[in-house]
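**Student:** You'll find start_32.txt just under this line, and it carries compact mmCIF, C-alpha atoms.
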```txt
# COMPACT_ATOMS: atom_id res chain seq x y z
CA MET M 21 110.05 45.91 46.53
CA ASN M 22 112.58 48.31 48.06
CA ARG M 23 111.43 49.27 51.57
CA ILE M 24 111.43 53.03 51.06
CA PHE M 25 109.51 54.01 54.20
CA GLU M 26 112.54 53.68 56.48
CA ASP M 27 114.13 56.79 54.94
CA THR M 28 113.62 59.31 57.76
CA ALA M 29 115.80 62.01 56.20
CA THR M 30 113.28 62.30 53.36
CA ALA M 31 110.29 61.76 55.67
CA PHE M 32 111.12 64.67 57.99
CA VAL M 33 112.89 66.95 55.53
CA LEU M 34 110.52 69.85 56.34
CA LYS M 35 110.80 69.56 60.13
CA THR M 36 113.22 71.74 62.03
CA ASP M 37 114.93 70.22 65.05
CA SER M 38 112.46 71.92 67.38
CA GLU M 39 109.47 70.70 65.35
CA LEU M 40 110.90 67.19 65.43
CA GLU M 41 111.22 67.42 69.21
CA ARG M 42 107.63 68.66 69.53
CA ALA M 43 106.38 65.77 67.41
CA TYR M 44 108.34 63.27 69.52
CA PHE M 45 106.90 64.76 72.71
CA LEU M 46 103.33 64.71 71.34
CA PHE M 47 103.41 61.09 70.25
CA ARG M 48 104.91 60.07 73.59
CA MET M 49 101.87 61.68 75.21
CA ILE M 50 99.45 60.06 72.73
CA ALA M 51 101.01 56.65 73.45
CA ASN M 52 99.64 56.92 76.99
CA GLU M 53 95.96 55.94 76.66
CA PRO M 54 94.88 57.00 80.18
CA LEU M 55 96.60 60.35 79.63
CA VAL M 56 94.74 60.83 76.33
CA LYS M 57 91.39 60.17 78.02
CA ILE M 58 92.17 62.56 80.86
CA GLY M 59 93.49 65.17 78.44
CA ALA M 60 90.42 64.87 76.19
CA ALA M 61 88.06 65.32 79.14
CA ALA M 62 90.05 68.26 80.52
CA THR M 63 90.21 69.94 77.12
CA ASN M 64 86.47 69.51 76.56
CA PHE M 65 85.82 71.05 79.96
CA ALA M 66 88.20 73.95 79.33
CA ILE M 67 86.63 74.73 75.96
CA LYS M 68 83.06 74.59 77.31
CA ALA M 69 84.03 76.70 80.32
CA HIS M 70 85.69 79.24 78.00
CA LEU M 71 89.00 78.93 79.82
CA PRO M 72 92.00 80.60 78.09
CA VAL M 73 93.63 77.43 76.74
CA GLU M 74 93.78 78.26 73.03
CA LYS M 75 97.43 79.38 73.04
CA LEU M 76 98.53 76.16 74.72
CA ILE M 77 96.48 74.03 72.31
CA ARG M 78 97.71 76.03 69.33
CA ALA M 79 101.36 75.62 70.33
CA THR M 80 101.10 71.85 70.72
CA VAL M 81 98.53 69.51 69.23
CA PHE M 82 96.82 72.05 66.92
CA ASP M 83 99.94 73.17 65.06
CA HIS M 84 101.10 69.56 64.66
CA PHE M 85 97.85 68.23 63.16
CA CYS M 86 96.33 71.39 61.57
CA GLY M 87 97.37 73.92 58.97
CA GLY M 88 95.89 76.99 60.66
CA VAL M 89 92.67 78.75 61.57
CA ASN M 90 91.81 79.76 57.99
CA GLU M 91 92.80 79.04 54.39
CA LYS M 92 95.46 81.75 54.16
CA ASP M 93 97.05 80.43 57.35
CA CYS M 94 97.64 77.16 55.53
CA LEU M 95 99.39 78.61 52.46
CA SER M 96 102.96 78.43 53.74
CA ILE M 97 102.53 74.75 54.69
CA ILE M 98 100.82 73.98 51.36
CA ASP M 99 103.69 75.58 49.43
CA LYS M 100 106.42 73.90 51.51
CA MET M 101 104.90 70.46 51.06
CA TYR M 102 104.27 70.96 47.35
CA ASP M 103 107.90 71.93 46.90
CA LYS M 104 108.61 68.33 47.98
CA GLY M 105 105.92 66.91 45.69
CA VAL M 106 103.19 66.49 48.34
CA SER M 107 99.80 68.05 47.53
CA SER M 108 97.22 69.22 50.07
CA VAL M 109 93.52 68.58 50.67
CA LEU M 110 92.15 71.50 52.66
CA ASP M 111 89.74 70.08 55.22
CA TYR M 112 87.49 72.47 57.16
CA SER M 113 87.36 70.23 60.23
CA VAL M 114 84.51 71.80 62.16
CA GLU M 115 82.13 69.13 63.49
CA GLY M 116 78.92 68.80 65.46
CA LYS M 117 76.87 71.65 63.99
CA GLU M 118 73.06 71.42 64.12
CA THR M 119 71.37 74.53 62.66
CA GLU M 120 70.39 75.52 59.14
CA LYS M 121 72.48 78.66 59.50
CA GLN M 122 75.54 76.56 60.36
CA PHE M 123 74.89 74.17 57.44
CA ASP M 124 74.58 77.10 55.02
CA ALA M 125 77.85 78.48 56.42
CA ALA M 126 79.53 75.10 55.83
CA LEU M 127 78.23 75.15 52.26
CA GLU M 128 79.64 78.64 51.67
CA LYS M 129 82.97 77.60 53.18
CA THR M 130 83.15 74.57 50.88
CA LEU M 131 82.37 76.73 47.83
CA GLN M 132 85.08 79.20 48.89
CA ILE M 133 87.55 76.33 49.24
CA LEU M 134 86.66 75.10 45.73
CA ASN M 135 87.56 78.54 44.33
CA PHE M 136 90.72 78.54 46.42
CA VAL M 137 91.64 75.03 45.25
CA LYS M 138 91.14 75.94 41.58
CA GLU M 139 93.77 78.67 41.90
CA LYS M 140 96.44 76.36 43.36
CA GLU M 141 97.95 73.41 41.50
CA ALA M 142 99.11 72.16 44.92
CA MET M 143 95.48 71.38 45.87
CA PRO M 144 93.96 68.82 43.46
CA PHE M 145 90.96 67.96 45.69
CA ALA M 146 88.29 69.60 47.82
CA VAL M 147 86.43 67.76 50.58
CA PHE M 148 83.33 67.95 52.74
CA LYS M 149 81.51 65.81 55.30
CA PRO M 150 77.82 64.90 54.77
CA SER M 151 76.87 65.72 58.37
CA GLY M 152 78.28 69.21 57.78
CA PHE M 153 75.34 69.83 55.42
CA GLY M 154 72.46 68.49 57.53
CA ARG M 155 71.32 67.32 60.95
CA PHE M 156 72.64 63.97 62.12
CA ALA M 157 69.18 62.97 63.39
CA LEU M 158 67.70 63.73 59.98
CA TYR M 159 70.23 61.50 58.22
CA LYS M 160 69.44 58.80 60.78
CA LYS M 161 65.70 58.95 60.04
CA VAL M 162 66.31 58.80 56.27
CA ASN M 163 68.76 55.93 56.83
CA LEU M 164 66.02 53.95 58.64
CA GLY M 165 63.61 54.54 55.76
CA LYS M 166 61.14 56.34 58.00
CA GLU M 167 58.64 58.75 56.48
CA LEU M 168 59.61 62.39 56.92
CA ASN M 169 57.08 64.98 57.97
CA SER M 170 56.67 68.09 55.81
CA LYS M 171 59.20 70.12 57.78
CA GLU M 172 61.77 67.31 57.66
CA GLN M 173 61.14 66.80 53.94
CA GLU M 174 61.86 70.49 53.38
CA GLU M 175 65.02 70.10 55.46
CA TRP M 176 66.13 67.04 53.48
CA SER M 177 65.53 68.89 50.21
CA LYS M 178 67.93 71.58 51.47
CA VAL M 179 70.54 68.92 52.25
CA GLN M 180 70.17 67.52 48.72
CA GLY M 181 70.45 71.06 47.35
CA ARG M 182 73.69 71.69 49.24
CA PHE M 183 75.18 68.48 47.85
CA ASP M 184 74.16 69.41 44.32
CA THR M 185 75.44 72.99 44.61
CA VAL M 186 78.89 71.82 45.67
CA CYS M 187 79.13 68.95 43.19
CA GLN M 188 77.93 71.15 40.33
CA LYS M 189 80.60 73.74 41.16
CA ALA M 190 83.30 71.04 41.41
CA HIS M 191 82.25 69.74 37.99
CA LYS M 192 82.29 73.23 36.52
CA LEU M 193 85.78 73.94 37.92
CA ASP M 194 87.02 70.41 37.08
CA VAL M 195 88.11 69.83 40.69
CA SER M 196 87.74 66.38 42.25
CA LEU M 197 85.59 66.30 45.39
CA LEU M 198 86.15 63.83 48.23
CA ILE M 199 83.03 63.20 50.34
CA ASP M 200 83.91 61.81 53.76
CA ALA M 201 82.27 58.82 55.44
CA GLU M 202 80.01 58.81 58.48
CA GLU M 203 78.86 56.39 61.17
CA SER M 204 77.17 53.26 59.80
CA TRP M 205 73.72 54.29 61.05
CA ILE M 206 73.64 57.30 58.72
CA GLN M 207 75.98 56.10 55.94
CA ASP M 208 73.28 54.61 53.70
CA ALA M 209 71.50 57.97 53.59
CA ALA M 210 74.79 59.69 52.71
CA ASP M 211 75.56 57.01 50.08
CA GLN M 212 72.23 57.67 48.35
CA LEU M 213 73.10 61.34 47.99
CA VAL M 214 76.63 60.66 46.77
CA GLU M 215 75.48 58.04 44.27
CA GLY M 216 73.04 60.57 42.81
CA MET M 217 75.87 63.06 42.41
CA MET M 218 78.08 60.45 40.71
CA HIS M 219 75.31 59.62 38.22
CA LYS M 220 74.96 63.31 37.42
CA TYR M 221 78.54 64.63 37.42
CA ASN M 222 80.85 61.65 36.77
CA LYS M 223 79.90 61.03 33.15
CA GLU M 224 83.37 61.72 31.73
CA LYS M 225 85.68 61.34 34.73
CA ALA M 226 85.57 60.86 38.48
CA ILE M 227 84.71 64.27 39.95
CA VAL M 228 82.71 63.03 42.96
CA PHE M 229 84.41 60.49 45.25
CA ASN M 230 82.61 58.46 47.90
CA THR M 231 84.50 57.08 50.91
CA LEU M 232 84.62 53.37 51.78
CA GLN M 233 85.41 52.61 55.42
CA LEU M 234 86.93 49.18 55.03
CA TYR M 235 86.83 48.18 58.67
CA ARG M 236 83.20 47.49 57.69
CA TRP M 237 82.90 43.94 56.37
CA ASP M 238 79.97 44.85 54.06
CA ARG M 239 81.84 47.46 52.01
CA PHE M 240 83.33 44.93 49.56
CA ASP M 241 79.83 43.95 48.42
CA TYR M 242 78.90 47.62 48.22
CA ALA M 243 81.95 48.33 46.02
CA LYS M 244 81.02 45.43 43.70
CA ARG M 245 77.45 46.69 43.43
CA MET M 246 78.65 50.19 42.55
CA VAL M 247 81.02 48.86 39.87
CA ARG M 248 78.13 46.94 38.26
CA LEU M 249 75.90 50.01 38.45
CA ALA M 250 78.55 52.31 36.95
CA LYS M 251 79.03 49.95 34.01
CA GLU M 252 75.27 49.60 33.45
CA ASP M 253 74.52 53.33 33.73
CA ASN M 254 77.72 54.55 32.08
CA PHE M 255 79.28 56.78 34.73
CA LYS M 256 82.67 56.85 36.46
CA LEU M 257 83.37 55.98 40.09
CA GLY M 258 85.63 57.76 42.51
CA PHE M 259 86.48 55.95 45.74
CA LYS M 260 88.49 57.10 48.71
CA LEU M 261 89.58 54.02 50.63
CA VAL M 262 90.13 54.28 54.38
CA ARG M 263 90.08 51.82 57.24
CA GLY M 264 87.62 53.85 59.33
CA ALA M 265 87.28 56.48 62.01
CA TYR M 266 84.60 55.29 64.44
CA LEU M 267 85.80 51.87 65.59
CA GLU M 268 84.99 52.08 69.30
CA LYS M 269 81.76 54.02 68.75
CA GLU M 270 80.51 51.44 66.21
CA ASN M 271 81.28 48.43 68.40
CA ASP M 272 79.87 50.05 71.55
CA ARG M 273 76.59 50.97 69.83
CA ALA M 274 76.18 47.50 68.32
CA GLU M 275 76.69 45.88 71.72
CA ARG M 276 74.39 48.34 73.47
CA LYS M 277 71.56 47.92 70.95
CA GLY M 278 72.05 44.18 70.43
CA TYR M 279 72.80 43.94 66.71
CA PRO M 280 75.83 42.39 64.96
CA THR M 281 78.69 44.85 64.72
CA PRO M 282 79.33 46.13 61.19
CA ILE M 283 83.06 46.15 61.99
CA CYS M 284 85.51 43.39 61.04
CA ALA M 285 86.38 41.07 63.92
CA SER M 286 90.09 41.93 63.99
CA LYS M 287 92.66 44.34 62.64
CA LYS M 288 93.95 41.57 60.34
CA GLU M 289 90.47 41.14 58.84
CA THR M 290 90.29 44.90 58.31
CA ASP M 291 93.71 44.93 56.65
CA ASP M 292 92.75 41.96 54.44
CA ASN M 293 89.47 43.66 53.51
CA PHE M 294 91.26 46.92 52.62
CA ASP M 295 93.76 45.14 50.37
CA ALA M 296 91.11 42.90 48.78
CA VAL M 297 88.88 45.86 47.86
CA MET M 298 91.87 47.82 46.57
CA THR M 299 92.95 44.86 44.40
CA TYR M 300 89.40 44.39 43.09
CA LEU M 301 89.07 48.08 42.17
CA MET M 302 92.40 48.03 40.34
CA ASP M 303 90.84 45.42 38.03
CA HIS M 304 88.23 48.02 37.01
CA LEU M 305 90.42 51.08 36.66
CA GLU M 306 88.91 51.83 33.25
CA ILE M 307 85.81 53.17 35.05
CA LEU M 308 87.17 54.51 38.32
CA SER M 309 89.77 56.46 40.25
CA ILE M 310 91.22 55.59 43.66
CA PHE M 311 92.34 57.79 46.53
CA ALA M 312 94.04 55.36 48.93
CA GLY M 313 93.86 57.06 52.31
CA THR M 314 96.07 54.88 54.44
CA HIS M 315 98.79 55.07 57.09
CA ASN M 316 99.47 51.37 56.63
CA GLU M 317 102.85 50.73 55.05
CA LEU M 318 102.00 47.24 53.77
CA SER M 319 98.86 48.49 51.99
CA SER M 320 100.92 51.28 50.43
CA TYR M 321 103.52 48.78 49.20
CA ASN M 322 100.69 46.57 47.89
CA LEU M 323 99.27 49.43 45.84
CA MET M 324 102.71 50.29 44.48
CA GLU M 325 103.16 46.65 43.45
CA LEU M 326 99.71 46.53 41.83
CA MET M 327 100.53 49.65 39.83
CA GLU M 328 103.77 48.06 38.65
CA GLN M 329 101.95 44.82 37.83
CA TYR M 330 99.35 46.67 35.72
CA GLY M 331 101.94 48.89 34.06
CA ILE M 332 100.51 52.04 35.64
CA LEU M 333 102.97 54.91 35.98
CA PRO M 334 103.40 56.59 39.38
CA LYS M 335 101.94 59.87 38.04
CA ASP M 336 98.76 58.30 36.62
CA THR M 337 96.05 60.68 37.85
CA ARG M 338 93.62 57.82 38.57
CA ILE M 339 95.70 56.75 41.59
CA TRP M 340 96.42 58.88 44.64
CA PHE M 341 97.92 58.06 48.02
CA GLY M 342 96.71 60.11 50.99
CA GLN M 343 97.67 60.60 54.62
CA LEU M 344 96.72 63.02 57.37
CA TYR M 345 98.90 66.03 58.08
CA GLY M 346 101.06 65.35 61.12
CA MET M 347 101.13 61.59 60.59
CA SER M 348 102.96 59.03 58.43
CA ASP M 349 105.37 61.49 56.84
CA ASN M 350 107.59 58.50 56.09
CA ILE M 351 104.91 57.29 53.65
CA SER M 352 103.90 60.64 52.16
CA PHE M 353 107.28 62.22 51.48
CA ASN M 354 109.04 59.03 50.39
CA LEU M 355 106.27 58.24 47.89
CA ALA M 356 106.34 61.81 46.56
CA ALA M 357 110.14 61.71 46.24
CA ARG M 358 109.69 58.72 43.92
CA GLY M 359 107.09 60.40 41.73
CA TYR M 360 103.79 59.07 43.09
CA ASN M 361 100.68 61.23 43.50
CA VAL M 362 100.42 62.03 47.21
CA ALA M 363 98.13 64.39 49.12
CA LYS M 364 98.00 65.28 52.79
CA TYR M 365 94.65 66.03 54.42
CA LEU M 366 95.28 69.46 55.94
CA PRO M 367 92.65 70.29 58.59
CA PHE M 368 91.97 73.91 59.48
CA GLY M 369 89.45 76.01 61.38
CA PRO M 370 89.07 78.00 64.61
CA VAL M 371 90.93 76.27 67.46
CA ARG M 372 87.84 75.74 69.60
CA ASP M 373 85.76 74.41 66.70
CA VAL M 374 88.45 71.98 65.56
CA MET M 375 88.99 70.44 69.02
CA PRO M 376 86.44 67.58 68.54
CA TYR M 377 88.41 66.55 65.43
CA LEU M 378 91.74 66.74 67.28
CA ILE M 379 90.45 64.73 70.23
CA ARG M 380 89.15 62.06 67.86
CA ARG M 381 92.54 62.02 66.14
CA ALA M 382 94.36 61.41 69.44
CA GLU M 383 91.89 58.71 70.48
CA GLU M 384 92.25 56.95 67.11
CA ASN M 385 96.02 56.88 67.49
CA THR M 386 95.75 55.15 70.86
CA SER M 387 93.26 52.58 69.52
CA VAL M 388 95.15 51.63 66.32
CA ALA M 389 97.69 48.99 67.26
CA GLY M 390 101.24 50.01 66.38
CA GLN M 391 100.49 53.42 64.83
CA THR M 392 101.86 55.58 67.64
CA SER M 393 104.81 53.30 68.39
CA ARG M 394 105.75 53.38 64.70
CA GLU M 395 105.63 57.19 64.65
CA LEU M 396 107.80 57.29 67.78
CA ALA M 397 110.33 54.84 66.36
CA LEU M 398 110.72 56.87 63.16
CA LEU M 399 111.02 60.16 65.05
CA LYS M 400 113.64 58.64 67.36
CA LYS M 401 115.56 57.32 64.37
CA GLU M 402 115.63 60.80 62.81
CA ARG M 403 116.62 62.40 66.15
CA ASP M 404 119.51 59.95 66.35
CA ARG M 405 120.47 60.63 62.75
CA ARG M 406 120.55 64.36 63.42
CA LYS M 407 122.26 63.75 66.79
CA ILE M 408 119.65 65.85 68.62
```
What does the file become when written as structure tokens?
**Tutor:**
Amino acid sequence: MNRIFEDTATAFVLKTDSELERAYFLFRMIANEPLVKIGAAATNFAIKAHLPVEKLIRATVFDHFCGGVNEKDCLSIIDKMYDKGVSSVLDYSVEGKETEKQFDAALEKTLQILNFVKEKEAMPFAVFKPSGFGRFALYKKVNLGKELNSKEQEEWSKVQGRFDTVCQKAHKLDVSLLIDAEESWIQDAADQLVEGMMHKYNKEKAIVFNTLQLYRWDRFDYAKRMVRLAKEDNFKLGFKLVRGAYLEKENDRAERKGYPTPICASKKETDDNFDAVMTYLMDHLEILSIFAGTHNELSSYNLMELMEQYGILPKDTRIWFGQLYGMSDNISFNLAARGYNVAKYLPFGPVRDVMPYLIRRAEENTSVAGQTSRELALLKKERDRRKI
């Protein structure tokens, strides 16, 4: 297959020379792991101490990886990308909330985004994170199968209600809903909720999508079980496929608590698992839809080849490619230029509230072998092409 991801002119068509330079500078910084750790610690301190660092953050890492502080802020980026065939998934990336008031606010924000999404063809999906709708410790207790006291049971009922409210609205508006993954020690509890929503709202098509983190070696068996269940109970599946976001945290916890890590032993095993699950799901496309969230070029080529092999057209709505805003533009914009369905996750939210997400993003880039060096190589190639 033609290696399309080397085309940097298409990849960076929306970047001005100054934006290209900023991106090159940022990824050079991210390539330095000690610097990332120091920067993350300093930023956390500055935020907690209420130091005036928002302008600096906004002018650098925030504007590269985020669309803005609110939905309207994101509109110009959404429109520019859609003009090049790239859709957007608005992601309210505020993490670490712990009160019922904050969970109700997250629910209202998600419902607002659903209305917003329905008005814009450029936004085919909405998204939310399970831990945005309930306390992490509560998910953990449910995950362990422990009995909840009356107050916790009332709390859990509210979490279930928030899930149902959002999924019901998505079904009513006919907007697909991506539900993000969590750490392994609360994922089973989240899966139970998502599976219930699929049973209820995916009767005719995939409205509700669960996320498979395929650096987990047990997710292939989970995918097979869900395919069997969907066929038996006559509902559709939606799966977002990702490699995973909590690699170091998962391995550290497993070692600390003395249980086998749920994470594949190597990057190659993770890559093989991702491609194996993707290939398996393509065999069952009559009952499911796939959102392939990947920055891996080989996996993207593999999916393109599978589509060609199965006679599936690039614009078939059951197959989407997805990348994060600010990363892997060579995949996103080159796929879109050739007619494939592509969507960028576009995070937004108040600068201070989005910082945990941004720090995690920087740390992930340093821990994924080759990701940052690949971004740098492509940016350098485009700088050379433009003679900057």
**Student:** Give me, as a VMD selection string, all polymer residues having an atom no more than 8 Å from Ile339 of chain M, counting only C-alpha atoms and skipping those fewer than 6 positions away in the same chain.
**Tutor:** chain M and resid 309 to 312 361
**Student:** Given all atoms listed in the file as the basis, pick out the residue of M:Tyr300, M:Phe136, M:Tyr112, M:Phe259 nearest to Ala226 of chain M.
**Tutor:**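 Comparing M:Tyr300, M:Phe136, M:Tyr112, M:Phe259 against Ala226 of chain M, the winner is M:Phe259.
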**Student:** Show me, as a PyMOL selection string, the residues that have an atom within 12 Å of Met302 of chain M when counting only C-alpha atoms, minus same-chain residues fewer than 2 positions from it.
**Tutor:** chain M and resi 243+247+259+295-300+304-312+322-332+338-339
**Student:** So, counting all atoms listed in the file, which residue among M:Glu118, M:Ala363, M:Glu74, M:Lys260 is closest to Glu141 of chain M?
**Tutor:**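 The answer is M:Ala363, which sits nearest to Glu141 of chain M.
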**Student:** What's around Ala51 of chain M at 7 Å? Count only C-alpha atoms, leave out sequence neighbours fewer than 2 positions away in its own chain, and write the answer as a compact mmCIF listing (two decimals) with C-alpha atoms, keeping the file's coordinate frame.
**Tutor:**
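Result file is result_33.txt:
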```txt
# COMPACT_ATOMS: atom_id res chain seq x y z
CA PHE M 47 103.41 61.09 70.25
CA ARG M 48 104.91 60.07 73.59
CA MET M 49 101.87 61.68 75.21
CA GLU M 53 95.96 55.94 76.66
CA THR M 386 95.75 55.15 70.86
CA THR M 392 101.86 55.58 67.64
```
**Student:** Within 12 Å of Asp211 of chain M, counting all atoms listed in the file, which residues qualify if same-chain residues fewer than 6 places away don't, as number ranges by chain?
**Tutor:** M: 149-150, 159, 162-163, 180, 183, 199-205, 217-218, 228-232, 239, 242-243, 246, 259
**Student:** Kindly export the residues of the current selection with C-alpha atoms, as a PDB file, in the coordinates of the input.
**Tutor:**
```
ATOM      1  CA  LYS M 149      81.510  65.810  55.300  1.00  0.00           C
ATOM      2  CA  PRO M 150      77.820  64.900  54.770  1.00  0.00           C
ATOM      3  CA  TYR M 159      70.230  61.500  58.220  1.00  0.00           C
ATOM      4  CA  VAL M 162      66.310  58.800  56.270  1.00  0.00           C
ATOM      5  CA  ASN M 163      68.760  55.930  56.830  1.00  0.00           C
ATOM      6  CA  GLN M 180      70.170  67.520  48.720  1.00  0.00           C
ATOM      7  CA  PHE M 183      75.180  68.480  47.850  1.00  0.00           C
ATOM      8  CA  ILE M 199      83.030  63.200  50.340  1.00  0.00           C
ATOM      9  CA  ASP M 200      83.910  61.810  53.760  1.00  0.00           C
ATOM     10  CA  ALA M 201      82.270  58.820  55.440  1.00  0.00           C
ATOM     11  CA  GLU M 202      80.010  58.810  58.480  1.00  0.00           C
ATOM     12  CA  GLU M 203      78.860  56.390  61.170  1.00  0.00           C
ATOM     13  CA  SER M 204      77.170  53.260  59.800  1.00  0.00           C
ATOM     14  CA  TRP M 205      73.720  54.290  61.050  1.00  0.00           C
ATOM     15  CA  MET M 217      75.870  63.060  42.410  1.00  0.00           C
ATOM     16  CA  MET M 218      78.080  60.450  40.710  1.00  0.00           C
ATOM     17  CA  VAL M 228      82.710  63.030  42.960  1.00  0.00           C
ATOM     18  CA  PHE M 229      84.410  60.490  45.250  1.00  0.00           C
ATOM     19  CA  ASN M 230      82.610  58.460  47.900  1.00  0.00           C
ATOM     20  CA  THR M 231      84.500  57.080  50.910  1.00  0.00           C
ATOM     21  CA  LEU M 232      84.620  53.370  51.780  1.00  0.00           C
ATOM     22  CA  ARG M 239      81.840  47.460  52.010  1.00  0.00           C
ATOM     23  CA  TYR M 242      78.900  47.620  48.220  1.00  0.00           C
ATOM     24  CA  ALA M 243      81.950  48.330  46.020  1.00  0.00           C
ATOM     25  CA  MET M 246      78.650  50.190  42.550  1.00  0.00           C
ATOM     26  CA  PHE M 259      86.480  55.950  45.740  1.00  0.00           C
TER      27      PHE M 259
END
```
**Student:** For Lys401 of chain M, which residue out of M:Ser196, M:Lys220, M:Ala29, M:Lys75 is the nearest one, using all atoms listed in the file?
**Tutor:**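 When distances to Lys401 of chain M are compared using all atoms listed in the file, the smallest one comes from M:Ala29.
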**Student:** Name the residues in contact with Val147 of chain M at a cut-off of 7 Å, using all atoms listed in the file, excluding same-chain residues fewer than 4 positions from it; report them as a PyMOL selection string.
**Tutor:** chain M and resi 111+197-199
**Student:** Between atom CA of Tyr266 of chain M and atom CA of Leu127 of chain M, what is the distance in Å, rounded to a tenth?
**Tutor:**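 About the pair atom CA of Tyr266 of chain M and atom CA of Leu127 of chain M: they are 24.2 Å apart.
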**Student:** Would you please work out which residue, of M:Glu268, M:Glu39, M:Glu139, M:Asp93, is nearest to Gly369 of chain M when using all atoms listed in the file?
**Tutor:**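 Nearest candidate to Gly369 of chain M out of M:Glu268, M:Glu39, M:Glu139, M:Asp93: M:Asp93.
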**Student:** Could you check which of M:Thr337, M:Ser320, M:Ile283, M:Lys121 is closest to Gly258 of chain M, using only C-alpha atoms?
**Tutor:**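 Under the stated criterion, the closest residue is M:Thr337.
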**Student:** Distance atom CA of His315 of chain M-atom CA of Leu40 of chain M, one decimal place?
**Tutor:**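 Computing the Euclidean distance for atom CA of His315 of chain M and atom CA of Leu40 of chain M yields 19.1 Å.
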**Student:** Select, from M:Ala79, M:Lys166, M:Gln132, M:Leu34, the residue with the minimum atom-to-atom distance to Ser96 of chain M, counting only C-alpha atoms.
**Tutor:**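 Closest residue, counting only C-alpha atoms: M:Leu34.
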